[in-house]
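Q: Encoded as structure tokens, here's the structure I'll be asking about.
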Amino acid sequence: MIKILKNIEFVKLLIGRLFSNAGDSLYAIASMWLVQELTHSTFYTGLVGFLTLFPQALTFLIGPLVDKLNLKKILVYTQLFQSILISIIPIAYYGDFLSVTLVLIIMPVVSFTNQFFYPTQNVVLPYMVSKDNLVHANSLFTFTYQGTDLTLKAVGGVLIGMFGAISIYIIDSIAFLITALLLLTIKIPERSIQKSAKSSFKVEVKHYFLLLKEGFAFVIKSVLIWLFVISSLGNLIIGMVFAILPSFADRFSGPETYGFILASMSSGLLIGALAASWLSKYPMGLLTVFLFFIGGTSWIISGFIKDSVLVIILFGIAWVPMGATNILLFTFIQSNVPELMIGRVVSLITSISMSLMPLGAFLGGIIGEIQSSQFVYTISGTSLLIISLYCLFHPTIRKIPKISNIQPERYGLNNVLKENG
């Protein structure tokens, strides 16, 4: 680990990722809170959540472009472009022409631009470090992302409470500018820049959807279809609660509580992910029932408590099942799905389930406007209990053993092997 930190080019990439992550985490919380301050409407916070999350569902379109463009230019220009876009918000504020419409236009563009940055970093990384150090490099990247996101969501809420949301945009703009200038000095071998293409973008996209169709046919004929439903509902819930959290947190101390609630959410996901290895020794079916029951109960109780500290703790506990089951689901796929289908199955589950997150944000905003933010918060927690009951009464899911004991043929996971002899 220490050896890899002596690689100056890798360190530049890592520091650039740190500053970029900081910018991402801060503008995510600042945007939602700024819209809350401008409108006091869950409809608009839901709309900005939808517009900010939707570009994530288009990530599959980024791959072919990254393969064809100059990697260094992608890294530098995306950060520079984000810095310019983010700076428009404080300029509009001090120029007295800031509106929610302007925020709704800028934030999805910033989010879509950012979708180019992380895949490009992943492509560049193997050219920065040796194969033996790739695991360490990826671990540092993951730790940087999770640690920065967790810390700055909490700190961001405090900063907004002390200095206002506009100050966060100024910090964001500077962070992205620093990242651009730092990455401008990075050295990427010429071989990492893909200048030619064997097929057109249109052909590649068509081929992608053909593979996705085959993956879908595989999923619906196996137990994965039921696990896919759980994953999709989970992302829908995330979107719904994401939309109303600013309004829900406003019942307490405002942006500080909002930041800590987001941090507790990240903490729960991280704890669940770290605990997944230990939990994998238990039967996956009954474990899923238990985890979602605990998560749903904790979430619902937190919706009726007036003490913000207890709300933050219980809400964090509610997200542990999400973090654990996400890891277990993908481990289940990696361990039991035929190798030639894994990519397609993962693409299908990721693309469709992630697309439900922005839809959830939009629906959460509308329902919160008609009812209340607490109503949406409570029904989101209730959905976890529904998942628990669904798994309990579904005979196939309930009886899934621990991952190491699963027999693929019993769950329709060897169809491809049979078809291909």
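Residues are named by chain letter and number: chains run A, B, ... in the order of the structure tokens, numbers start at 1 in each chain, and ligands are numbered from 1 in the order shown.
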Select from segment 201-287 of chain A every residue with an atom at most 6 Å from any atom of segment 309-333 of chain A, then for each give the shortest pair of atoms and their distance in Å to one decimal, using only C-alpha atoms, rows by chain and rising number, as CSV.
A:
residue,atom,partner,partner_atom,distance
A:Ile261,CA,A:Ile312,CA,5.3
A:Ser264,CA,A:Gly316,CA,4.4
A:Met265,CA,A:Gly316,CA,4.9
A:Gly268,CA,A:Val320,CA,4.4
A:Leu269,CA,A:Gly323,CA,4.0
A:Gly272,CA,A:Ala324,CA,4.1
A:Ala273,CA,A:Gly323,CA,4.7
A:Ala276,CA,A:Ala324,CA,4.8
Q: Could you turn the residues from that selection into a file that holds N, CA and C atoms, as a PDB file, in the first residue's frame?
A:
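Below is the file that was written, selection.pdb:
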ATOM      1  N   ILE A 261     -28.317  13.397   8.648  1.00  0.00           N
ATOM      2  CA  ILE A 261     -29.192  12.316   8.188  1.00  0.00           C
ATOM      3  C   ILE A 261     -28.598  11.656   6.945  1.00  0.00           C
ATOM      4  N   SER A 264     -25.723   9.576   8.036  1.00  0.00           N
ATOM      5  CA  SER A 264     -26.139   8.321   8.669  1.00  0.00           C
ATOM      6  C   SER A 264     -26.568   7.312   7.618  1.00  0.00           C
ATOM      7  N   MET A 265     -27.176   7.807   6.546  1.00  0.00           N
ATOM      8  CA  MET A 265     -27.569   6.943   5.432  1.00  0.00           C
ATOM      9  C   MET A 265     -26.328   6.308   4.804  1.00  0.00           C
ATOM     10  N   GLY A 268     -24.842   3.718   7.216  1.00  0.00           N
ATOM     11  CA  GLY A 268     -25.579   2.464   7.214  1.00  0.00           C
ATOM     12  C   GLY A 268     -25.227   1.597   6.016  1.00  0.00           C
ATOM     13  N   LEU A 269     -25.161   2.227   4.842  1.00  0.00           N
ATOM     14  CA  LEU A 269     -24.801   1.498   3.624  1.00  0.00           C
ATOM     15  C   LEU A 269     -23.392   0.922   3.734  1.00  0.00           C
ATOM     16  N   GLY A 272     -23.296  -1.959   6.312  1.00  0.00           N
ATOM     17  CA  GLY A 272     -23.918  -3.134   5.708  1.00  0.00           C
ATOM     18  C   GLY A 272     -22.986  -3.817   4.728  1.00  0.00           C
ATOM     19  N   ALA A 273     -22.301  -3.011   3.906  1.00  0.00           N
ATOM     20  CA  ALA A 273     -21.369  -3.564   2.918  1.00  0.00           C
ATOM     21  C   ALA A 273     -20.206  -4.278   3.604  1.00  0.00           C
ATOM     22  N   ALA A 276     -21.289  -7.633   5.089  1.00  0.00           N
ATOM     23  CA  ALA A 276     -21.802  -8.627   4.140  1.00  0.00           C
ATOM     24  C   ALA A 276     -20.989  -9.920   4.145  1.00  0.00           C
TER      25      ALA A 276
END
Q: Could you name the residues that touch segment 106-111 of chain A at 12 Å or less, counting only C-alpha atoms, but leaving out those on the same chain fewer than 5 positions away, as a compact mmCIF listing (two decimals) with all heavy atoms, in the first residue's frame?
A:
# COMPACT_ATOMS: atom_id res chain seq x y z
N GLY A 23 -16.42 17.97 -4.19
CA GLY A 23 -17.34 18.82 -4.93
C GLY A 23 -18.69 18.15 -5.14
O GLY A 23 -19.75 18.76 -4.94
N ASP A 24 -18.66 16.85 -5.52
CA ASP A 24 -19.91 16.10 -5.74
C ASP A 24 -20.77 16.06 -4.49
O ASP A 24 -21.98 16.32 -4.53
CB ASP A 24 -19.60 14.67 -6.17
CG ASP A 24 -18.90 14.61 -7.51
OD1 ASP A 24 -18.97 15.60 -8.26
OD2 ASP A 24 -18.27 13.58 -7.80
N SER A 25 -20.15 15.69 -3.37
CA SER A 25 -20.90 15.53 -2.13
C SER A 25 -21.49 16.86 -1.66
O SER A 25 -22.63 16.91 -1.18
CB SER A 25 -20.00 14.95 -1.03
OG SER A 25 -19.50 13.69 -1.41
N TYR A 27 -22.16 19.68 -3.52
CA TYR A 27 -23.22 20.29 -4.33
C TYR A 27 -24.50 19.47 -4.28
O TYR A 27 -25.60 20.01 -4.49
CB TYR A 27 -22.76 20.58 -5.76
CG TYR A 27 -22.81 19.47 -6.77
CD1 TYR A 27 -24.00 18.88 -7.16
CD2 TYR A 27 -21.64 19.05 -7.42
CE1 TYR A 27 -24.04 17.88 -8.12
CE2 TYR A 27 -21.66 18.05 -8.38
CZ TYR A 27 -22.86 17.47 -8.72
OH TYR A 27 -22.90 16.50 -9.68
N ALA A 28 -24.39 18.18 -3.97
CA ALA A 28 -25.59 17.35 -3.85
C ALA A 28 -26.45 17.84 -2.69
O ALA A 28 -27.67 18.02 -2.83
CB ALA A 28 -25.21 15.89 -3.65
N ILE A 29 -25.82 18.08 -1.55
CA ILE A 29 -26.57 18.56 -0.39
C ILE A 29 -26.96 20.02 -0.55
O ILE A 29 -28.06 20.43 -0.17
CB ILE A 29 -25.75 18.34 0.91
CG1 ILE A 29 -26.56 18.80 2.13
CG2 ILE A 29 -24.44 19.08 0.88
CD1 ILE A 29 -25.87 18.47 3.44
N ALA A 30 -26.08 20.83 -1.16
CA ALA A 30 -26.38 22.26 -1.33
C ALA A 30 -27.55 22.47 -2.28
O ALA A 30 -28.40 23.34 -2.04
CB ALA A 30 -25.14 23.00 -1.84
N SER A 31 -27.62 21.69 -3.35
CA SER A 31 -28.68 21.86 -4.34
C SER A 31 -30.05 21.56 -3.75
O SER A 31 -31.01 22.34 -3.93
CB SER A 31 -28.44 20.94 -5.54
OG SER A 31 -27.23 21.24 -6.16
N MET A 32 -30.15 20.45 -3.05
CA MET A 32 -31.43 20.09 -2.45
C MET A 32 -31.86 21.12 -1.43
O MET A 32 -33.03 21.50 -1.36
CB MET A 32 -31.33 18.70 -1.81
CG MET A 32 -31.07 17.57 -2.78
SD MET A 32 -32.43 17.28 -3.93
CE MET A 32 -33.64 16.51 -2.87
N LEU A 34 -30.87 24.31 -1.22
CA LEU A 34 -31.13 25.60 -1.87
C LEU A 34 -32.53 25.62 -2.48
O LEU A 34 -33.27 26.61 -2.35
CB LEU A 34 -30.09 25.86 -2.96
CG LEU A 34 -30.24 27.18 -3.74
CD1 LEU A 34 -30.16 28.37 -2.79
CD2 LEU A 34 -29.16 27.28 -4.82
N VAL A 35 -32.91 24.53 -3.13
CA VAL A 35 -34.26 24.44 -3.70
C VAL A 35 -35.31 24.45 -2.60
O VAL A 35 -36.38 25.06 -2.75
CB VAL A 35 -34.40 23.16 -4.56
CG1 VAL A 35 -35.84 22.93 -4.98
CG2 VAL A 35 -33.51 23.26 -5.80
N THR A 45 -38.05 19.87 -4.73
CA THR A 45 -36.90 19.08 -4.29
C THR A 45 -36.93 17.70 -4.95
O THR A 45 -35.89 17.13 -5.28
CB THR A 45 -36.88 18.92 -2.75
OG1 THR A 45 -38.13 18.38 -2.30
CG2 THR A 45 -36.62 20.25 -2.08
N LEU A 47 -38.21 17.18 -7.92
CA LEU A 47 -37.86 17.40 -9.33
C LEU A 47 -36.36 17.55 -9.50
O LEU A 47 -35.77 16.97 -10.44
CB LEU A 47 -38.58 18.66 -9.84
CG LEU A 47 -38.40 18.99 -11.33
CD1 LEU A 47 -38.86 17.83 -12.20
CD2 LEU A 47 -39.16 20.27 -11.69
N VAL A 48 -35.71 18.30 -8.60
CA VAL A 48 -34.25 18.44 -8.71
C VAL A 48 -33.57 17.10 -8.41
O VAL A 48 -32.54 16.76 -9.01
CB VAL A 48 -33.72 19.56 -7.78
CG1 VAL A 48 -33.70 19.13 -6.32
CG2 VAL A 48 -32.30 19.97 -8.20
N GLY A 49 -34.18 16.30 -7.51
CA GLY A 49 -33.65 14.96 -7.27
C GLY A 49 -33.75 14.10 -8.50
O GLY A 49 -32.81 13.37 -8.85
N PHE A 50 -34.88 14.16 -9.19
CA PHE A 50 -35.09 13.40 -10.42
C PHE A 50 -34.07 13.81 -11.48
O PHE A 50 -33.42 12.97 -12.10
CB PHE A 50 -36.51 13.64 -10.95
CG PHE A 50 -36.74 13.10 -12.34
CD1 PHE A 50 -37.01 11.76 -12.53
CD2 PHE A 50 -36.69 13.94 -13.44
CE1 PHE A 50 -37.22 11.25 -13.82
CE2 PHE A 50 -36.89 13.44 -14.73
CZ PHE A 50 -37.16 12.09 -14.91
N LEU A 51 -33.92 15.11 -11.69
CA LEU A 51 -33.02 15.61 -12.73
C LEU A 51 -31.56 15.33 -12.42
O LEU A 51 -30.75 15.14 -13.33
CB LEU A 51 -33.25 17.11 -12.92
CG LEU A 51 -34.61 17.53 -13.49
CD1 LEU A 51 -34.76 19.05 -13.48
CD2 LEU A 51 -34.81 16.99 -14.90
N THR A 52 -31.22 15.29 -11.13
CA THR A 52 -29.84 15.04 -10.73
C THR A 52 -29.50 13.55 -10.80
O THR A 52 -28.38 13.17 -11.16
CB THR A 52 -29.58 15.56 -9.30
OG1 THR A 52 -29.90 16.96 -9.25
CG2 THR A 52 -28.12 15.37 -8.91
N LEU A 53 -30.48 12.70 -10.46
CA LEU A 53 -30.24 11.26 -10.45
C LEU A 53 -30.38 10.61 -11.82
O LEU A 53 -29.76 9.59 -12.10
CB LEU A 53 -31.20 10.58 -9.47
CG LEU A 53 -31.00 10.89 -7.99
CD1 LEU A 53 -32.19 10.37 -7.17
CD2 LEU A 53 -29.71 10.28 -7.49
N PHE A 54 -31.22 11.20 -12.68
CA PHE A 54 -31.52 10.57 -13.96
C PHE A 54 -30.28 10.30 -14.83
O PHE A 54 -30.19 9.24 -15.46
CB PHE A 54 -32.52 11.41 -14.75
CG PHE A 54 -32.90 10.80 -16.08
CD1 PHE A 54 -33.72 9.68 -16.12
CD2 PHE A 54 -32.43 11.32 -17.27
CE1 PHE A 54 -34.06 9.09 -17.33
CE2 PHE A 54 -32.77 10.76 -18.49
CZ PHE A 54 -33.59 9.64 -18.52
N PRO A 55 -29.29 11.21 -14.86
CA PRO A 55 -28.10 10.93 -15.68
C PRO A 55 -27.39 9.63 -15.31
O PRO A 55 -26.72 9.02 -16.15
CB PRO A 55 -27.20 12.14 -15.42
CG PRO A 55 -28.16 13.25 -15.14
CD PRO A 55 -29.26 12.59 -14.34
N GLN A 56 -27.55 9.16 -14.05
CA GLN A 56 -26.92 7.90 -13.65
C GLN A 56 -27.49 6.72 -14.43
O GLN A 56 -26.80 5.72 -14.65
CB GLN A 56 -27.12 7.67 -12.15
CG GLN A 56 -26.44 8.70 -11.27
CD GLN A 56 -26.67 8.43 -9.79
OE1 GLN A 56 -27.07 7.35 -9.39
NE2 GLN A 56 -26.43 9.43 -8.98
N ALA A 57 -28.75 6.85 -14.84
CA ALA A 57 -29.38 5.78 -15.61
C ALA A 57 -28.86 5.73 -17.04
O ALA A 57 -29.12 4.78 -17.77
CB ALA A 57 -30.90 5.96 -15.61
N LEU A 58 -28.12 6.76 -17.46
CA LEU A 58 -27.59 6.83 -18.82
C LEU A 58 -26.12 6.44 -18.88
O LEU A 58 -25.47 6.60 -19.91
CB LEU A 58 -27.76 8.25 -19.38
CG LEU A 58 -29.20 8.80 -19.40
CD1 LEU A 58 -29.19 10.25 -19.90
CD2 LEU A 58 -30.10 7.95 -20.27
N THR A 59 -25.60 5.93 -17.75
CA THR A 59 -24.18 5.61 -17.68
C THR A 59 -23.73 4.63 -18.75
O THR A 59 -22.60 4.68 -19.24
CB THR A 59 -23.84 5.05 -16.28
OG1 THR A 59 -24.24 6.00 -15.30
CG2 THR A 59 -22.35 4.80 -16.14
N THR A 78 -14.05 17.79 -18.00
CA THR A 78 -15.25 17.58 -17.20
C THR A 78 -15.18 18.38 -15.90
O THR A 78 -16.18 18.98 -15.48
CB THR A 78 -15.44 16.09 -16.84
OG1 THR A 78 -14.26 15.57 -16.24
CG2 THR A 78 -15.79 15.28 -18.07
N GLN A 79 -14.00 18.43 -15.29
CA GLN A 79 -13.86 19.18 -14.04
C GLN A 79 -13.93 20.69 -14.28
O GLN A 79 -14.54 21.42 -13.50
CB GLN A 79 -12.53 18.81 -13.37
CG GLN A 79 -12.40 17.35 -13.02
CD GLN A 79 -13.57 16.83 -12.21
OE1 GLN A 79 -13.73 17.18 -11.05
NE2 GLN A 79 -14.40 16.01 -12.81
N LEU A 80 -13.31 21.13 -15.37
CA LEU A 80 -13.34 22.56 -15.70
C LEU A 80 -14.76 23.00 -16.03
O LEU A 80 -15.23 24.07 -15.58
CB LEU A 80 -12.42 22.83 -16.89
CG LEU A 80 -12.21 24.30 -17.28
CD1 LEU A 80 -11.62 25.08 -16.12
CD2 LEU A 80 -11.30 24.39 -18.50
N PHE A 81 -15.48 22.17 -16.78
CA PHE A 81 -16.86 22.49 -17.17
C PHE A 81 -17.77 22.54 -15.93
O PHE A 81 -18.61 23.43 -15.79
CB PHE A 81 -17.37 21.44 -18.16
CG PHE A 81 -18.70 21.76 -18.77
CD1 PHE A 81 -18.96 23.02 -19.30
CD2 PHE A 81 -19.70 20.80 -18.83
CE1 PHE A 81 -20.19 23.32 -19.87
CE2 PHE A 81 -20.94 21.08 -19.40
CZ PHE A 81 -21.18 22.35 -19.92
N GLN A 82 -17.57 21.60 -15.01
CA GLN A 82 -18.35 21.61 -13.78
C GLN A 82 -18.05 22.84 -12.93
O GLN A 82 -18.96 23.42 -12.33
CB GLN A 82 -18.07 20.34 -12.96
CG GLN A 82 -18.71 19.09 -13.54
CD GLN A 82 -18.51 17.88 -12.65
OE1 GLN A 82 -19.35 17.53 -11.86
NE2 GLN A 82 -17.36 17.23 -12.80
N SER A 83 -16.79 23.23 -12.89
CA SER A 83 -16.42 24.43 -12.13
C SER A 83 -17.14 25.67 -12.68
O SER A 83 -17.67 26.48 -11.91
CB SER A 83 -14.90 24.64 -12.21
OG SER A 83 -14.52 25.84 -11.56
N ILE A 84 -17.19 25.79 -14.00
CA ILE A 84 -17.86 26.93 -14.63
C ILE A 84 -19.36 26.90 -14.36
O ILE A 84 -19.98 27.91 -14.00
CB ILE A 84 -17.58 26.95 -16.14
CG1 ILE A 84 -16.09 27.20 -16.41
CG2 ILE A 84 -18.44 28.01 -16.84
CD1 ILE A 84 -15.68 27.01 -17.86
N LEU A 85 -19.97 25.72 -14.53
CA LEU A 85 -21.41 25.59 -14.32
C LEU A 85 -21.80 25.91 -12.87
O LEU A 85 -22.76 26.65 -12.62
CB LEU A 85 -21.87 24.18 -14.67
CG LEU A 85 -21.95 23.82 -16.16
CD1 LEU A 85 -22.25 22.33 -16.31
CD2 LEU A 85 -23.02 24.64 -16.86
N ILE A 86 -21.06 25.35 -11.92
CA ILE A 86 -21.36 25.56 -10.51
C ILE A 86 -21.23 27.04 -10.13
O ILE A 86 -22.01 27.57 -9.34
CB ILE A 86 -20.41 24.72 -9.63
CG1 ILE A 86 -20.72 23.22 -9.79
CG2 ILE A 86 -20.52 25.12 -8.17
CD1 ILE A 86 -22.06 22.79 -9.23
N SER A 87 -20.26 27.72 -10.72
CA SER A 87 -20.03 29.14 -10.40
C SER A 87 -21.18 30.03 -10.84
O SER A 87 -21.34 31.15 -10.32
CB SER A 87 -18.72 29.63 -11.03
OG SER A 87 -18.84 29.66 -12.45
N ILE A 88 -22.00 29.57 -11.78
CA ILE A 88 -23.14 30.37 -12.24
C ILE A 88 -24.13 30.62 -11.11
O ILE A 88 -24.75 31.70 -11.04
CB ILE A 88 -23.85 29.67 -13.42
CG1 ILE A 88 -22.91 29.63 -14.63
CG2 ILE A 88 -25.15 30.38 -13.79
CD1 ILE A 88 -23.47 28.83 -15.81
N ILE A 89 -24.29 29.65 -10.20
CA ILE A 89 -25.26 29.78 -9.10
C ILE A 89 -24.92 30.96 -8.19
O ILE A 89 -25.76 31.84 -7.96
CB ILE A 89 -25.36 28.47 -8.29
CG1 ILE A 89 -25.81 27.32 -9.20
CG2 ILE A 89 -26.31 28.66 -7.11
CD1 ILE A 89 -27.20 27.47 -9.75
N ALA A 92 -25.36 34.24 -10.05
CA ALA A 92 -26.78 34.59 -10.16
C ALA A 92 -27.32 35.12 -8.84
O ALA A 92 -28.13 36.06 -8.81
CB ALA A 92 -27.58 33.37 -10.61
N LEU A 98 -31.07 34.82 -9.35
CA LEU A 98 -31.13 33.41 -9.04
C LEU A 98 -32.59 32.96 -8.97
O LEU A 98 -33.44 33.62 -8.38
CB LEU A 98 -30.45 33.12 -7.71
CG LEU A 98 -30.47 31.65 -7.24
CD1 LEU A 98 -29.73 30.76 -8.21
CD2 LEU A 98 -29.87 31.53 -5.83
N SER A 99 -32.87 31.82 -9.61
CA SER A 99 -34.22 31.25 -9.57
C SER A 99 -34.12 29.74 -9.50
O SER A 99 -33.08 29.15 -9.82
CB SER A 99 -35.01 31.66 -10.82
OG SER A 99 -34.44 31.06 -11.98
N VAL A 100 -35.21 29.11 -9.09
CA VAL A 100 -35.22 27.65 -9.01
C VAL A 100 -35.08 27.04 -10.40
O VAL A 100 -34.49 25.97 -10.57
CB VAL A 100 -36.51 27.15 -8.32
CG1 VAL A 100 -37.74 27.43 -9.16
CG2 VAL A 100 -36.42 25.65 -8.01
N THR A 101 -35.58 27.75 -11.42
CA THR A 101 -35.46 27.26 -12.80
C THR A 101 -34.00 27.13 -13.21
O THR A 101 -33.60 26.14 -13.85
CB THR A 101 -36.18 28.21 -13.77
OG1 THR A 101 -37.55 28.32 -13.40
CG2 THR A 101 -36.09 27.70 -15.20
N PHE A 116 -18.97 11.05 -16.84
CA PHE A 116 -17.80 10.74 -17.66
C PHE A 116 -16.54 10.56 -16.81
O PHE A 116 -15.61 9.86 -17.20
CB PHE A 116 -17.53 11.87 -18.67
CG PHE A 116 -18.47 11.90 -19.83
CD1 PHE A 116 -19.71 12.50 -19.73
CD2 PHE A 116 -18.13 11.32 -21.04
CE1 PHE A 116 -20.59 12.52 -20.80
CE2 PHE A 116 -18.99 11.34 -22.12
CZ PHE A 116 -20.23 11.94 -21.99
N PHE A 117 -16.51 11.22 -15.65
CA PHE A 117 -15.28 11.31 -14.87
C PHE A 117 -14.86 9.97 -14.26
O PHE A 117 -13.73 9.52 -14.44
CB PHE A 117 -15.45 12.36 -13.77
CG PHE A 117 -14.20 12.62 -12.97
CD1 PHE A 117 -13.09 13.22 -13.56
CD2 PHE A 117 -14.12 12.26 -11.64
CE1 PHE A 117 -11.93 13.46 -12.83
CE2 PHE A 117 -12.97 12.49 -10.89
CZ PHE A 117 -11.89 13.10 -11.50
N TYR A 118 -15.78 9.29 -13.55
CA TYR A 118 -15.41 8.08 -12.83
C TYR A 118 -15.08 6.90 -13.75
O TYR A 118 -14.10 6.18 -13.51
CB TYR A 118 -16.51 7.72 -11.81
CG TYR A 118 -16.63 8.76 -10.72
CD1 TYR A 118 -17.75 9.56 -10.62
CD2 TYR A 118 -15.60 8.94 -9.80
CE1 TYR A 118 -17.86 10.54 -9.63
CE2 TYR A 118 -15.69 9.90 -8.81
CZ TYR A 118 -16.83 10.70 -8.72
OH TYR A 118 -16.91 11.65 -7.74
N TYR A 169 -21.51 26.38 -3.00
CA TYR A 169 -21.29 26.41 -4.44
C TYR A 169 -19.94 27.05 -4.79
O TYR A 169 -19.26 26.62 -5.73
CB TYR A 169 -22.42 27.17 -5.13
CG TYR A 169 -23.68 26.37 -5.31
CD1 TYR A 169 -24.72 26.47 -4.39
CD2 TYR A 169 -23.84 25.51 -6.39
CE1 TYR A 169 -25.88 25.72 -4.55
CE2 TYR A 169 -24.99 24.76 -6.56
CZ TYR A 169 -26.01 24.87 -5.63
OH TYR A 169 -27.15 24.13 -5.78
N ASP A 172 -17.39 24.48 -4.06
CA ASP A 172 -17.48 23.46 -5.11
C ASP A 172 -16.72 23.87 -6.36
O ASP A 172 -15.95 23.11 -6.93
CB ASP A 172 -18.95 23.25 -5.51
CG ASP A 172 -19.67 22.33 -4.55
OD1 ASP A 172 -18.99 21.67 -3.75
OD2 ASP A 172 -20.90 22.29 -4.59
N SER A 173 -17.00 25.10 -6.79
CA SER A 173 -16.39 25.60 -8.02
C SER A 173 -14.87 25.60 -7.92
O SER A 173 -14.17 25.20 -8.85
CB SER A 173 -16.90 27.02 -8.31
OG SER A 173 -16.36 27.51 -9.51
N PHE A 176 -13.51 21.89 -8.04
CA PHE A 176 -13.46 21.34 -9.40
C PHE A 176 -12.34 22.00 -10.22
O PHE A 176 -11.70 21.34 -11.03
CB PHE A 176 -14.81 21.54 -10.10
CG PHE A 176 -15.89 20.63 -9.60
CD1 PHE A 176 -17.11 21.13 -9.18
CD2 PHE A 176 -15.70 19.26 -9.55
CE1 PHE A 176 -18.11 20.30 -8.72
CE2 PHE A 176 -16.69 18.41 -9.10
CZ PHE A 176 -17.91 18.93 -8.67
N PRO A 358 -34.47 7.99 -9.88
CA PRO A 358 -35.01 9.31 -10.21
C PRO A 358 -36.53 9.32 -10.29
O PRO A 358 -37.17 10.32 -9.93
CB PRO A 358 -34.38 9.63 -11.58
CG PRO A 358 -33.90 8.33 -12.12
CD PRO A 358 -33.55 7.51 -10.92
Q: Which of these residues is nearest to Ala165 of chain A, using only C-alpha atoms: A:Gly296, A:Gly16, A:Pro401, A:Pro255?
A: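 So, comparing all the options, the nearest one is A:Pro255.
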Q: So which one's closest to Leu140 of chain A, A:Leu14, A:Leu356, A:Val203, A:Leu125? Using only C-alpha atoms, please.
A: A:Leu14
Q: If we count only C-alpha atoms, what is near Gly254 of chain A at a cut-off of 10 Å, once residues fewer than 5 positions away on the same chain are taken out, given as a list of chain:residue names?
A: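 Within the cut-off, the hits are A:Trp33, A:Gly157, A:Val158, A:Ile160, A:Gly161, A:Pro246, A:Ser247, A:Phe248, A:Ala249, A:Gly259.
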Q: With C-alpha atoms kept, could you save the residues just selected as a compact mmCIF listing (two decimals), in the first residue's frame?
A:
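New file result35.txt:
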# COMPACT_ATOMS: atom_id res chain seq x y z
CA TRP A 33 -31.27 22.56 0.42
CA GLY A 157 -24.97 20.50 6.46
CA VAL A 158 -23.10 22.35 9.19
CA ILE A 160 -24.82 25.48 5.09
CA GLY A 161 -26.21 26.27 8.53
CA PRO A 246 -34.73 18.46 3.15
CA SER A 247 -38.33 19.15 4.18
CA PHE A 248 -38.28 16.35 6.77
CA ALA A 249 -35.01 17.63 8.29
CA GLY A 259 -26.39 16.73 6.57
